[in-house]
$ cat protein-v9.tsv   # TSV, C-alpha atoms and all ligand atoms
chain	number	residue	atom	x	y	z
S	1	MET	CA	0.00	0.00	0.00
S	2	SER	CA	1.45	3.37	-0.93
S	3	LYS	CA	1.60	6.03	1.73
S	4	ARG	CA	-1.07	8.64	1.75
S	5	LEU	CA	-0.49	11.71	3.91
S	6	VAL	CA	1.13	14.89	2.68
S	7	VAL	CA	2.22	17.29	5.43
S	8	ALA	CA	2.91	20.82	4.15
S	9	LEU	CA	4.65	23.44	6.28
S	10	SER	CA	3.42	26.89	5.31
S	11	GLY	CA	3.57	30.59	5.99
S	12	GLY	CA	1.22	32.98	4.23
S	13	VAL	CA	1.51	34.24	0.69
S	14	GLY	CA	3.97	31.82	-0.97
S	15	GLY	CA	2.94	28.88	1.18
S	16	ALA	CA	-0.76	29.34	0.49
S	17	LYS	CA	-0.19	29.26	-3.27
S	18	LEU	CA	1.40	25.81	-3.13
S	19	ALA	CA	-1.06	24.61	-0.48
S	20	LEU	CA	-3.88	25.47	-2.87
S	21	GLY	CA	-2.15	23.52	-5.64
S	22	LEU	CA	-1.74	20.52	-3.34
S	23	SER	CA	-5.37	20.75	-2.22
S	24	ARG	CA	-6.53	20.55	-5.83
S	25	ILE	CA	-4.60	17.41	-6.71
S	26	LEU	CA	-4.96	15.43	-3.47
S	27	PRO	CA	-8.00	13.91	-1.77
S	28	ALA	CA	-9.03	16.24	1.08
S	29	ASP	CA	-8.19	13.68	3.78
S	30	ASP	CA	-4.63	13.31	2.52
S	31	LEU	CA	-3.45	16.88	3.07
S	32	LEU	CA	-2.44	18.41	6.39
S	33	VAL	CA	-1.29	22.02	6.18
S	34	VAL	CA	0.73	23.17	9.19
S	35	ALA	CA	0.43	26.94	9.57
S	36	ASN	CA	2.95	29.26	11.15
S	37	THR	CA	1.49	31.23	14.06
S	38	GLY	CA	4.63	33.19	14.97
S	39	ASP	CA	3.13	36.17	13.07
S	40	ASP	CA	-0.01	36.16	15.22
S	41	PHE	CA	-0.73	39.23	17.28
S	42	GLU	CA	-3.36	41.12	19.18
S	43	HIS	CA	-4.50	44.35	17.58
S	44	LEU	CA	-7.54	46.60	18.16
S	45	GLY	CA	-8.58	44.06	20.78
S	46	LEU	CA	-8.66	41.26	18.20
S	47	ASN	CA	-6.69	38.02	17.79
S	48	ILE	CA	-5.18	38.08	14.32
S	49	SER	CA	-3.51	35.05	12.72
S	50	PRO	CA	-2.21	36.31	9.37
S	51	ASP	CA	-0.82	33.07	7.97
S	52	ILE	CA	-3.84	30.99	8.96
S	53	ASP	CA	-6.06	33.63	7.37
S	54	THR	CA	-4.08	33.79	4.12
S	55	LEU	CA	-4.23	29.98	3.90
S	56	THR	CA	-7.94	29.92	4.72
S	57	TYR	CA	-8.86	32.53	2.14
S	58	ALA	CA	-6.65	30.91	-0.52
S	59	LEU	CA	-8.02	27.41	0.05
S	60	ALA	CA	-11.60	28.74	0.07
S	61	GLY	CA	-11.07	30.72	-3.14
S	62	LEU	CA	-11.74	33.97	-1.28
S	63	ASP	CA	-8.21	35.37	-1.44
S	64	ASN	CA	-7.30	38.71	-2.91
S	65	PRO	CA	-5.08	38.01	-5.93
S	66	ALA	CA	-3.81	41.60	-6.03
S	67	THR	CA	-2.38	41.68	-2.51
S	68	GLY	CA	-1.79	37.97	-1.73
S	69	TRP	CA	-3.38	38.62	1.70
S	70	GLY	CA	-6.87	39.56	2.81
S	71	ARG	CA	-10.15	38.86	1.05
S	72	ARG	CA	-11.22	39.56	-2.48
S	73	ASP	CA	-14.06	42.03	-3.16
S	74	GLU	CA	-13.06	43.82	0.01
S	75	THR	CA	-14.33	47.19	1.20
S	76	TRP	CA	-12.55	49.49	3.66
S	77	SER	CA	-15.22	51.50	5.49
S	78	PHE	CA	-13.97	50.39	8.91
S	79	MET	CA	-10.37	51.37	8.15
S	80	ASP	CA	-11.39	54.73	6.72
S	81	SER	CA	-13.59	55.42	9.73
S	82	ILE	CA	-11.06	54.40	12.36
S	83	GLY	CA	-8.38	56.46	10.60
S	84	ALA	CA	-10.68	59.51	10.64
S	85	LEU	CA	-11.11	59.05	14.39
S	86	GLY	CA	-7.36	59.07	14.95
S	87	GLY	CA	-7.27	55.30	15.58
S	88	GLU	CA	-4.66	52.79	14.46
S	89	ASP	CA	-4.90	52.15	10.75
S	90	TRP	CA	-1.39	50.88	9.93
S	91	PHE	CA	-2.51	47.23	9.84
S	92	ARG	CA	-5.10	47.03	7.08
S	93	LEU	CA	-8.23	45.11	8.05
S	94	GLY	CA	-10.94	45.07	5.40
S	95	ASP	CA	-14.61	44.98	6.36
S	96	ARG	CA	-15.16	41.36	5.35
S	97	ASP	CA	-11.84	40.24	6.81
S	98	LEU	CA	-12.74	41.95	10.07
S	99	ALA	CA	-15.61	39.52	10.60
S	100	LEU	CA	-13.16	36.63	10.81
S	101	HIS	CA	-11.03	38.33	13.45
S	102	VAL	CA	-14.04	39.35	15.52
S	103	GLU	CA	-15.47	35.85	15.40
S	104	ARG	CA	-12.13	34.17	16.15
S	105	THR	CA	-11.62	36.49	19.11
S	106	ARG	CA	-15.09	35.76	20.48
S	107	ARG	CA	-14.53	32.02	20.27
S	108	LEU	CA	-11.05	32.13	21.80
S	109	ARG	CA	-12.47	34.16	24.70
S	110	SER	CA	-15.20	31.58	25.19
S	111	GLY	CA	-12.49	28.94	25.69
S	112	GLN	CA	-12.06	27.34	22.25
S	113	THR	CA	-8.54	26.65	21.05
S	114	LEU	CA	-7.07	28.29	17.96
S	115	SER	CA	-7.06	24.93	16.19
S	116	GLU	CA	-10.74	24.33	16.99
S	117	VAL	CA	-11.68	27.76	15.70
S	118	THR	CA	-9.57	27.28	12.58
S	119	ALA	CA	-11.04	23.86	11.83
S	120	ASP	CA	-14.61	25.10	12.17
S	121	ILE	CA	-14.06	28.21	10.07
S	122	CYS	CA	-12.37	26.13	7.36
S	123	ARG	CA	-15.33	23.74	7.37
S	124	ARG	CA	-17.83	26.59	7.10
S	125	LEU	CA	-15.91	28.03	4.16
S	126	GLY	CA	-15.97	24.67	2.40
S	127	ILE	CA	-12.29	23.76	2.77
S	128	GLY	CA	-11.67	20.01	2.68
S	129	ALA	CA	-7.99	19.89	3.62
S	130	ARG	CA	-6.99	20.23	7.27
S	131	VAL	CA	-5.28	23.49	8.27
S	132	VAL	CA	-3.66	23.18	11.69
S	133	PRO	CA	-1.78	25.86	13.62
S	134	MET	CA	1.72	24.69	14.50
S	135	SER	CA	0.67	24.96	18.14
S	136	ASP	CA	-2.27	26.14	20.22
S	137	ASP	CA	0.27	27.72	22.55
S	138	ARG	CA	1.35	31.30	22.10
S	139	VAL	CA	4.52	31.85	20.04
S	140	ARG	CA	5.56	35.34	18.96
S	141	THR	CA	8.26	36.14	16.44
S	142	ARG	CA	10.37	39.18	17.34
S	143	VAL	CA	13.06	40.90	15.34
S	144	ARG	CA	16.27	42.54	16.55
S	145	SER	CA	17.17	45.61	14.53
S	146	GLU	CA	19.50	48.57	15.14
S	147	THR	CA	17.00	49.97	17.64
S	148	GLY	CA	16.57	46.76	19.66
S	149	TRP	CA	13.89	44.07	19.71
S	150	ILE	CA	10.59	44.85	17.98
S	151	ASP	CA	7.39	42.87	17.57
S	152	PHE	CA	7.04	41.13	14.24
S	153	GLN	CA	4.08	43.08	12.85
S	154	ASP	CA	5.71	46.33	13.87
S	155	TYR	CA	8.68	45.31	11.73
S	156	PHE	CA	6.69	43.69	8.91
S	157	VAL	CA	3.74	46.00	8.43
S	158	ARG	CA	4.18	49.22	10.38
S	159	GLN	CA	7.82	49.69	9.35
S	160	GLN	CA	7.39	47.74	6.06
S	161	CYS	CA	10.48	45.59	6.67
S	162	ARG	CA	12.77	48.65	6.53
S	163	PRO	CA	14.79	47.91	9.70
S	164	VAL	CA	17.92	45.83	9.21
S	165	VAL	CA	17.41	42.42	10.83
S	166	HIS	CA	20.27	41.23	13.04
S	167	ALA	CA	18.48	38.36	14.76
S	168	LEU	CA	15.10	36.70	15.22
S	169	THR	CA	13.53	34.99	18.18
S	170	PHE	CA	10.30	33.07	18.70
S	171	ASP	CA	9.05	34.03	22.15
S	172	GLY	CA	7.34	31.16	23.93
S	173	VAL	CA	8.52	28.50	21.51
S	174	THR	CA	10.46	26.39	24.00
S	175	LEU	CA	7.28	25.83	26.01
S	176	ALA	CA	4.97	25.44	23.01
S	177	ARG	CA	3.54	22.00	22.30
S	178	PRO	CA	3.13	20.91	18.70
S	179	HIS	CA	-0.49	20.37	17.73
S	180	ASP	CA	-1.48	16.72	18.30
S	181	ASP	CA	-2.61	16.22	14.70
S	182	ILE	CA	0.86	17.13	13.43
S	183	MET	CA	2.60	14.64	15.67
S	184	ALA	CA	-0.03	11.96	15.01
S	185	ALA	CA	0.40	12.40	11.27
S	186	LEU	CA	4.20	12.36	11.40
S	187	ARG	CA	4.18	9.24	13.60
S	188	SER	CA	1.52	7.40	11.60
S	189	GLY	CA	3.95	5.62	9.29
S	190	ASP	CA	1.66	6.78	6.49
S	191	VAL	CA	3.43	10.00	5.41
S	192	ARG	CA	4.03	10.20	1.67
S	193	ALA	CA	5.89	13.52	1.80
S	194	VAL	CA	6.72	16.46	4.01
S	195	ILE	CA	6.64	19.58	1.85
S	196	VAL	CA	8.30	22.81	2.89
S	197	CYS	CA	6.32	25.42	0.96
S	198	PRO	CA	8.04	28.36	-0.76
S	199	SER	CA	7.71	30.48	2.35
S	200	ASN	CA	10.14	32.76	4.13
S	201	PRO	CA	12.53	30.37	5.96
S	202	PHE	CA	13.22	32.73	8.86
S	203	ILE	CA	9.75	33.97	9.75
S	204	SER	CA	7.42	31.32	8.32
S	205	VAL	CA	9.11	27.92	8.36
S	206	GLU	CA	11.66	28.14	11.17
S	207	PRO	CA	9.06	29.03	13.82
S	208	ILE	CA	7.33	25.72	12.93
S	209	LEU	CA	10.61	23.79	13.01
S	210	ALA	CA	11.47	25.40	16.36
S	211	ILE	CA	8.46	23.88	18.13
S	212	PRO	CA	10.00	21.18	20.32
S	213	GLY	CA	9.55	17.77	18.74
S	214	ILE	CA	8.54	18.78	15.21
S	215	ARG	CA	11.96	18.60	13.55
S	216	GLU	CA	12.64	15.20	15.16
S	217	ALA	CA	9.20	13.91	14.19
S	218	ILE	CA	9.78	14.99	10.57
S	219	ALA	CA	13.12	13.17	10.51
S	220	GLY	CA	11.54	10.14	12.18
S	221	SER	CA	8.53	10.04	9.83
S	222	GLY	CA	10.51	8.16	7.22
S	223	ALA	CA	9.02	10.43	4.55
S	224	PRO	CA	11.03	12.40	1.99
S	225	VAL	CA	11.24	16.09	2.84
S	226	VAL	CA	11.06	18.34	-0.21
S	227	ALA	CA	11.21	22.15	-0.18
S	228	VAL	CA	10.30	24.59	-2.91
S	229	SER	CA	12.59	27.60	-3.10
S	230	PRO	CA	10.95	30.93	-2.22
S	231	ILE	CA	13.79	32.65	-4.10
S	232	ILE	CA	13.58	32.91	-7.88
S	233	GLY	CA	16.49	34.39	-9.82
S	234	GLY	CA	18.13	35.53	-6.60
S	235	GLN	CA	15.07	37.53	-5.54
S	236	ALA	CA	11.99	37.04	-3.40
S	237	VAL	CA	8.77	37.06	-5.39
S	238	LYS	CA	7.28	39.14	-2.57
S	239	GLY	CA	8.38	40.18	0.88
S	240	PRO	CA	11.70	40.47	2.70
S	241	THR	CA	13.20	36.97	2.29
S	242	ALA	CA	16.18	38.05	0.13
S	243	LYS	CA	16.76	41.26	2.10
S	244	MET	CA	16.72	39.31	5.36
S	245	MET	CA	19.19	36.76	4.01
S	246	ARG	CA	21.66	39.48	3.08
S	247	GLU	CA	21.22	41.17	6.44
S	248	LEU	CA	21.81	37.91	8.27
S	249	GLY	CA	25.02	37.37	6.28
S	250	LEU	CA	23.66	34.61	4.06
S	251	GLU	CA	23.75	34.32	0.30
S	252	ALA	CA	20.41	35.51	-1.11
S	253	SER	CA	19.87	32.65	-3.50
S	254	ALA	CA	17.95	29.42	-3.90
S	255	ALA	CA	21.13	27.60	-2.80
S	256	GLY	CA	21.36	29.84	0.26
S	257	VAL	CA	17.86	28.75	1.35
S	258	ALA	CA	18.77	25.08	0.88
S	259	ALA	CA	21.93	25.61	2.94
S	260	ARG	CA	19.84	27.18	5.69
S	261	TYR	CA	17.55	24.12	5.82
S	262	GLY	CA	20.60	21.86	5.77
S	263	ASP	CA	20.06	18.15	6.31
S	264	LEU	CA	16.32	18.63	6.85
S	265	LEU	CA	15.91	18.41	3.08
S	266	ASP	CA	16.01	15.34	0.85
S	267	GLY	CA	14.78	17.15	-2.23
S	268	TYR	CA	14.64	20.75	-3.40
S	269	ILE	CA	12.72	22.39	-6.21
S	270	ILE	CA	14.32	25.43	-7.81
S	271	ASP	CA	13.36	27.60	-10.73
S	272	HIS	CA	14.95	27.44	-14.19
S	273	ALA	CA	16.30	30.92	-13.41
S	274	ASP	CA	18.47	29.44	-10.64
S	275	ALA	CA	19.72	26.35	-12.48
S	276	ASP	CA	23.31	27.64	-12.38
S	277	GLY	CA	23.43	27.25	-8.60
S	278	VAL	CA	22.58	23.54	-8.56
S	279	ALA	CA	26.07	22.31	-7.73
S	280	ALA	CA	26.04	24.16	-4.41
S	281	ILE	CA	22.89	22.37	-3.20
S	282	GLY	CA	23.14	19.26	-1.03
S	283	ALA	CA	19.61	17.92	-1.57
S	284	ARG	CA	18.47	16.28	-4.82
S	285	VAL	CA	17.41	19.14	-7.06
S	286	THR	CA	14.48	19.34	-9.47
S	287	ILE	CA	14.30	22.29	-11.83
S	288	ALA	CA	10.81	23.57	-12.61
S	289	ASN	CA	8.69	26.64	-13.21
S	290	THR	CA	8.23	27.81	-9.65
S	291	LEU	CA	6.52	31.16	-10.21
S	292	MET	CA	2.87	30.53	-9.39
S	293	THR	CA	0.77	33.05	-11.26
S	294	SER	CA	-2.21	30.99	-12.36
S	295	LEU	CA	-4.14	28.17	-10.77
S	296	GLU	CA	-2.53	25.81	-13.30
S	297	ASP	CA	0.92	26.95	-12.11
S	298	ARG	CA	-0.04	26.06	-8.55
S	299	GLU	CA	-1.29	22.61	-9.52
S	300	MET	CA	1.71	21.95	-11.75
S	301	LEU	CA	4.22	22.87	-9.06
S	302	ALA	CA	2.31	20.73	-6.54
S	303	ARG	CA	2.57	17.79	-9.00
S	304	VAL	CA	6.28	18.38	-9.57
S	305	THR	CA	6.93	18.57	-5.83
S	306	LEU	CA	5.01	15.40	-5.03
S	307	GLY	CA	6.65	13.68	-7.99
S	308	ALA	CA	10.08	14.57	-6.62
S	309	ALA	CA	9.09	13.21	-3.21
S	310	ASP	CA	7.73	9.98	-4.71
S	311	ALA	CA	10.92	9.51	-6.73
S	312	LEU	CA	12.99	9.93	-3.57
S	313	ALA	CA	10.79	7.45	-1.70
S	314	SER	CA	11.12	4.85	-4.44
S	315	ARG	CA	14.91	4.98	-4.16
S	316	ARG	CA	14.84	4.19	-0.45
J	1	LIG	P1	4.15	35.50	4.47
J	1	LIG	O1	4.07	34.78	5.79
J	1	LIG	O2	2.86	36.13	4.07
J	1	LIG	O3	5.36	36.35	4.29
J	1	LIG	O4	4.26	34.35	3.40
J	1	LIG	P2	5.28	33.20	3.09
J	1	LIG	O5	6.43	33.18	4.01
J	1	LIG	O6	4.51	31.94	2.91
J	1	LIG	O7	5.69	33.68	1.65
J	1	LIG	C1	6.70	34.61	1.38
J	1	LIG	C2	7.63	33.99	0.37
J	1	LIG	O8	6.87	33.45	-0.69
J	1	LIG	C3	8.58	34.98	-0.25
J	1	LIG	O9	9.90	34.56	0.00
J	1	LIG	C4	8.27	34.88	-1.75
J	1	LIG	O10	9.43	34.95	-2.55
J	1	LIG	C5	7.63	33.54	-1.85
J	1	LIG	N1	6.72	33.43	-2.98
J	1	LIG	C6	5.61	34.16	-3.22
J	1	LIG	N2	5.04	33.78	-4.38
J	1	LIG	C7	5.82	32.78	-4.89
J	1	LIG	C8	5.75	31.97	-6.07
J	1	LIG	O11	4.86	32.11	-6.91
J	1	LIG	N3	6.73	31.04	-6.24
J	1	LIG	C9	7.73	30.87	-5.34
J	1	LIG	N4	8.66	29.92	-5.59
J	1	LIG	N5	7.83	31.61	-4.21
J	1	LIG	C10	6.89	32.55	-4.00
$ encode --input "protein-v9.tsv" --output "structure tokens"
Amino acid sequence: MSKRLVVALSGGVGGAKLALGLSRILPADDLLVVANTGDDFEHLGLNISPDIDTLTYALAGLDNPATGWGRRDETWSFMDSIGALGGEDWFRLGDRDLALHVERTRRLRSGQTLSEVTADICRRLGIGARVVPMSDDRVRTRVRSETGWIDFQDYFVRQQCRPVVHALTFDGVTLARPHDDIMAALRSGDVRAVIVCPSNPFISVEPILAIPGIREAIAGSGAPVVAVSPIIGGQAVKGPTAKMMRELGLEASAAGVAARYGDLLDGYIIDHADADGVAAIGARVTIANTLMTSLEDREMLARVTLGAADALASRR
């Protein structure tokens, strides 16, 4: 019997694109998407989980293709009004999006866990695949810049990634417990592949890998681990991945990302634009079109990634 489960580690924008591709080529029960929650924060009295939300909207077909985050067909009356009152309007919350944060906050306050809230909202929005937060415990990414430690969303949104990053930390991570479904899946003996989505390694994937037990469970799962490079032609498609790599003294390249993941990876998918750097990569490399513009691109890259994992498994 061939193995069934695909476990995908994901941040927001880049991760959600591949997660959508995977969700369209796999039976719903076979896909477990592990979402980073290091970006989560409390704002305007609300609990906001940006990566879970980006994944949820993408998998439900409600995402905003122009921004990569938030909902499509959005209106901004709330933001305009709060700005006019002198309130905080640096983190953009659209009117439709706001409903999700209000409802999540209400349920968390009534005692539900983040994973319970996420599962129910996904179900209500018609999502078949499971989306699970890396942990129900609180983990908060913080960034050290020239001016000292700052909260992640202050760095990412308020200051639009301008500060130079010297170091990152994930507050609370040493005490955080991985979500049971993640550990159960990784220990099931039924994992076909662990996919590291083309997400920012430092702020999307490493918080997940830093949860005690997850890295070991991935290694112990017996499944091939395949990452897709978030760097294409030496540049991030969106966001600060390449800038952060340079600031942290790493080579901003597809090979640099593979080096950062080190022996976690068995396979690595890079773009044709980066084919020159193959020799520097330890994992088995597959060259593909990795820029996901259309739905077909997402499905194709999901097929290529699973194909690479299956080829690795067959050699074992
Ligand atoms: P965030 O949490 O919203 O920043 O989202 P992620 O960490 O999941 O995604 C950010 C990364 O996705 C960046 O490094 C981008 O370069 C990468 N990315 C975005 N779109 C694409 C794409 O179409 N292909 C690839 N290979 N990477 C992408």
$ closest_residue --input "protein-v9.tsv" --among "S:Asp73, S:Asp89, S:Asp180, S:Glu299" --to "ligand LIG 1 (chain J)" --atoms "only C-alpha atoms and all ligand atoms"
S:Glu299
$ residues_around --input "protein-v9.tsv" --residues "Asp297 in chain S" --least-positions-apart "3" --cutoff "12 Å" --atoms "all atoms listed in the file" --output "mmCIF file with C-alpha atoms, keeping the file's coordinate frame"
data_model
loop_
_atom_site.group_PDB
_atom_site.id
_atom_site.type_symbol
_atom_site.label_atom_id
_atom_site.label_comp_id
_atom_site.auth_asym_id
_atom_site.auth_seq_id
_atom_site.Cartn_x
_atom_site.Cartn_y
_atom_site.Cartn_z
ATOM 1 C CA LYS S 17 -0.190 29.260 -3.270
ATOM 2 C CA LEU S 18 1.400 25.810 -3.130
ATOM 3 C CA LEU S 20 -3.880 25.470 -2.870
ATOM 4 C CA GLY S 21 -2.150 23.520 -5.640
ATOM 5 C CA LEU S 22 -1.740 20.520 -3.340
ATOM 6 C CA ARG S 24 -6.530 20.550 -5.830
ATOM 7 C CA ALA S 288 10.810 23.570 -12.610
ATOM 8 C CA ASN S 289 8.690 26.640 -13.210
ATOM 9 C CA THR S 290 8.230 27.810 -9.650
ATOM 10 C CA LEU S 291 6.520 31.160 -10.210
ATOM 11 C CA MET S 292 2.870 30.530 -9.390
ATOM 12 C CA THR S 293 0.770 33.050 -11.260
ATOM 13 C CA SER S 294 -2.210 30.990 -12.360
ATOM 14 C CA MET S 300 1.710 21.950 -11.750
ATOM 15 C CA LEU S 301 4.220 22.870 -9.060
ATOM 16 C CA ALA S 302 2.310 20.730 -6.540
ATOM 17 C CA ARG S 303 2.570 17.790 -9.000
ATOM 18 C CA VAL S 304 6.280 18.380 -9.570
#
$ residues_around --input "protein-v9.tsv" --residues "Ser2 in chain S" --least-positions-apart "3" --cutoff "10 Å" --atoms "all atoms listed in the file" --output "list of chain:residue names"
S:Leu5, S:Asp190, S:Val191, S:Arg192, S:Asp310
$ write_last_selection --input "protein-v9.tsv" --atoms "C-alpha atoms" --output "PDB file, in the coordinates of the input"
ATOM      1  CA  LEU S   5      -0.490  11.710   3.910  1.00  0.00           C
ATOM      2  CA  ASP S 190       1.660   6.780   6.490  1.00  0.00           C
ATOM      3  CA  VAL S 191       3.430  10.000   5.410  1.00  0.00           C
ATOM      4  CA  ARG S 192       4.030  10.200   1.670  1.00  0.00           C
ATOM      5  CA  ASP S 310       7.730   9.980  -4.710  1.00  0.00           C
TER       6      ASP S 310
END
$ axis_aligned_box --input "protein-v9.tsv" --around "ligand LIG 1 (chain J)" --padding-each-side "4 Å" --output "lines of an AutoDock Vina configuration file"
center_x = 6.4
center_y = 33.1
center_z = -0.6
size_x = 15.0
size_y = 14.4
size_z = 20.7
$ closest_residue --input "protein-v9.tsv" --among "S:Pro163, S:Gly86, S:Pro50, S:Gly213" --to "Met244 in chain S" --atoms "only C-alpha atoms"
S:Pro163
$ residues_around --input "protein-v9.tsv" --residues "Leu175 in chain S" --least-positions-apart "4" --cutoff "9 Å" --atoms "all atoms listed in the file" --output "list of chain:residue names"
S:Asp137, S:Arg138, S:Val139, S:Ile211, S:Pro212
$ closest_atom_pairs --input "protein-v9.tsv" --of "range 98-200 of chain S" --to "range 8-13 of chain S" --cutoff "8 Å" --atoms "only C-alpha atoms" --output "tab-separated table"
residue	atom	partner	partner_atom	distance
S:Val194	CA	S:Ala8	CA	5.8
S:Ile195	CA	S:Ala8	CA	4.6
S:Val196	CA	S:Leu9	CA	5.0
S:Cys197	CA	S:Ser10	CA	5.4
S:Pro198	CA	S:Ser10	CA	7.8
S:Ser199	CA	S:Gly11	CA	5.5
S:Asn200	CA	S:Gly11	CA	7.2
$ closest_residue --input "protein-v9.tsv" --among "S:Ser77, S:Ser221, S:Thr37, S:Ser188" --to "ligand LIG 1 (chain J)" --atoms "only C-alpha atoms and all ligand atoms"
S:Thr37
$ closest_residue --input "protein-v9.tsv" --among "S:Ala84, S:Val237, S:Ile270, S:Ala242" --to "ligand LIG 1 (chain J)" --atoms "all atoms listed in the file"
S:Val237
$ closest_residue --input "protein-v9.tsv" --among "S:Leu100, S:Ala219, S:Ala19, S:Leu264" --to "Leu125 in chain S" --atoms "all atoms listed in the file"
S:Leu100
$ residues_around --input "protein-v9.tsv" --residues "Ile232 in chain S" --least-positions-apart "5" --cutoff "7 Å" --atoms "all atoms listed in the file" --output "PDB file with C-alpha atoms, keeping the file's coordinate frame"
ATOM      1  CA  VAL S 237       8.770  37.060  -5.390  1.00  0.00           C
ATOM      2  CA  ALA S 254      17.950  29.420  -3.900  1.00  0.00           C
ATOM      3  CA  ASP S 271      13.360  27.600 -10.730  1.00  0.00           C
ATOM      4  CA  ALA S 273      16.300  30.920 -13.410  1.00  0.00           C
ATOM      5  CA  ASP S 274      18.470  29.440 -10.640  1.00  0.00           C
TER       6      ASP S 274
END
$ decode --input "protein-v9.tsv" --residues "range 165-179 of chain S" --atoms "N, CA, C and O atoms" --output "PDB file, in the first residue's frame"
ATOM      1  N   VAL S 165      17.615  43.511   9.871  1.00  0.00           N
ATOM      2  CA  VAL S 165      17.411  42.416  10.827  1.00  0.00           C
ATOM      3  C   VAL S 165      18.763  41.831  11.237  1.00  0.00           C
ATOM      4  O   VAL S 165      19.533  41.381  10.385  1.00  0.00           O
ATOM      5  N   HIS S 166      19.032  41.844  12.540  1.00  0.00           N
ATOM      6  CA  HIS S 166      20.266  41.228  13.041  1.00  0.00           C
ATOM      7  C   HIS S 166      20.006  39.844  13.619  1.00  0.00           C
ATOM      8  O   HIS S 166      20.900  39.005  13.644  1.00  0.00           O
ATOM      9  N   ALA S 167      18.809  39.655  14.149  1.00  0.00           N
ATOM     10  CA  ALA S 167      18.484  38.357  14.762  1.00  0.00           C
ATOM     11  C   ALA S 167      16.973  38.226  14.871  1.00  0.00           C
ATOM     12  O   ALA S 167      16.239  39.217  14.781  1.00  0.00           O
ATOM     13  N   LEU S 168      16.526  36.984  15.037  1.00  0.00           N
ATOM     14  CA  LEU S 168      15.103  36.702  15.220  1.00  0.00           C
ATOM     15  C   LEU S 168      14.943  35.794  16.424  1.00  0.00           C
ATOM     16  O   LEU S 168      15.836  34.995  16.727  1.00  0.00           O
ATOM     17  N   THR S 169      13.803  35.928  17.101  1.00  0.00           N
ATOM     18  CA  THR S 169      13.526  34.991  18.183  1.00  0.00           C
ATOM     19  C   THR S 169      12.039  34.656  18.140  1.00  0.00           C
ATOM     20  O   THR S 169      11.236  35.420  17.606  1.00  0.00           O
ATOM     21  N   PHE S 170      11.707  33.492  18.682  1.00  0.00           N
ATOM     22  CA  PHE S 170      10.304  33.068  18.696  1.00  0.00           C
ATOM     23  C   PHE S 170       9.892  32.937  20.161  1.00  0.00           C
ATOM     24  O   PHE S 170      10.051  31.869  20.753  1.00  0.00           O
ATOM     25  N   ASP S 171       9.392  34.021  20.722  1.00  0.00           N
ATOM     26  CA  ASP S 171       9.049  34.027  22.147  1.00  0.00           C
ATOM     27  C   ASP S 171       8.024  32.940  22.448  1.00  0.00           C
ATOM     28  O   ASP S 171       7.010  32.843  21.757  1.00  0.00           O
ATOM     29  N   GLY S 172       8.282  32.188  23.483  1.00  0.00           N
ATOM     30  CA  GLY S 172       7.337  31.156  23.926  1.00  0.00           C
ATOM     31  C   GLY S 172       7.553  29.807  23.286  1.00  0.00           C
ATOM     32  O   GLY S 172       6.935  28.820  23.676  1.00  0.00           O
ATOM     33  N   VAL S 173       8.452  29.734  22.298  1.00  0.00           N
ATOM     34  CA  VAL S 173       8.517  28.496  21.511  1.00  0.00           C
ATOM     35  C   VAL S 173       9.036  27.309  22.319  1.00  0.00           C
ATOM     36  O   VAL S 173       8.613  26.166  22.090  1.00  0.00           O
ATOM     37  N   THR S 174       9.896  27.542  23.275  1.00  0.00           N
ATOM     38  CA  THR S 174      10.458  26.388  24.001  1.00  0.00           C
ATOM     39  C   THR S 174       9.392  25.688  24.841  1.00  0.00           C
ATOM     40  O   THR S 174       9.516  24.503  25.144  1.00  0.00           O
ATOM     41  N   LEU S 175       8.348  26.433  25.207  1.00  0.00           N
ATOM     42  CA  LEU S 175       7.280  25.825  26.009  1.00  0.00           C
ATOM     43  C   LEU S 175       6.076  25.406  25.154  1.00  0.00           C
ATOM     44  O   LEU S 175       5.117  24.836  25.662  1.00  0.00           O
ATOM     45  N   ALA S 176       6.127  25.731  23.874  1.00  0.00           N
ATOM     46  CA  ALA S 176       4.971  25.440  23.009  1.00  0.00           C
ATOM     47  C   ALA S 176       4.921  23.956  22.658  1.00  0.00           C
ATOM     48  O   ALA S 176       5.952  23.344  22.371  1.00  0.00           O
ATOM     49  N   ARG S 177       3.714  23.416  22.686  1.00  0.00           N
ATOM     50  CA  ARG S 177       3.544  21.999  22.302  1.00  0.00           C
ATOM     51  C   ARG S 177       3.040  21.928  20.858  1.00  0.00           C
ATOM     52  O   ARG S 177       2.125  22.675  20.502  1.00  0.00           O
ATOM     53  N   PRO S 178       3.636  21.050  20.071  1.00  0.00           N
ATOM     54  CA  PRO S 178       3.126  20.912  18.696  1.00  0.00           C
ATOM     55  C   PRO S 178       1.688  20.428  18.728  1.00  0.00           C
ATOM     56  O   PRO S 178       1.304  19.682  19.640  1.00  0.00           O
ATOM     57  N   HIS S 179       0.896  20.850  17.771  1.00  0.00           N
ATOM     58  CA  HIS S 179      -0.488  20.367  17.734  1.00  0.00           C
ATOM     59  C   HIS S 179      -0.508  18.845  17.568  1.00  0.00           C
ATOM     60  O   HIS S 179       0.271  18.297  16.790  1.00  0.00           O
TER      61      HIS S 179
END
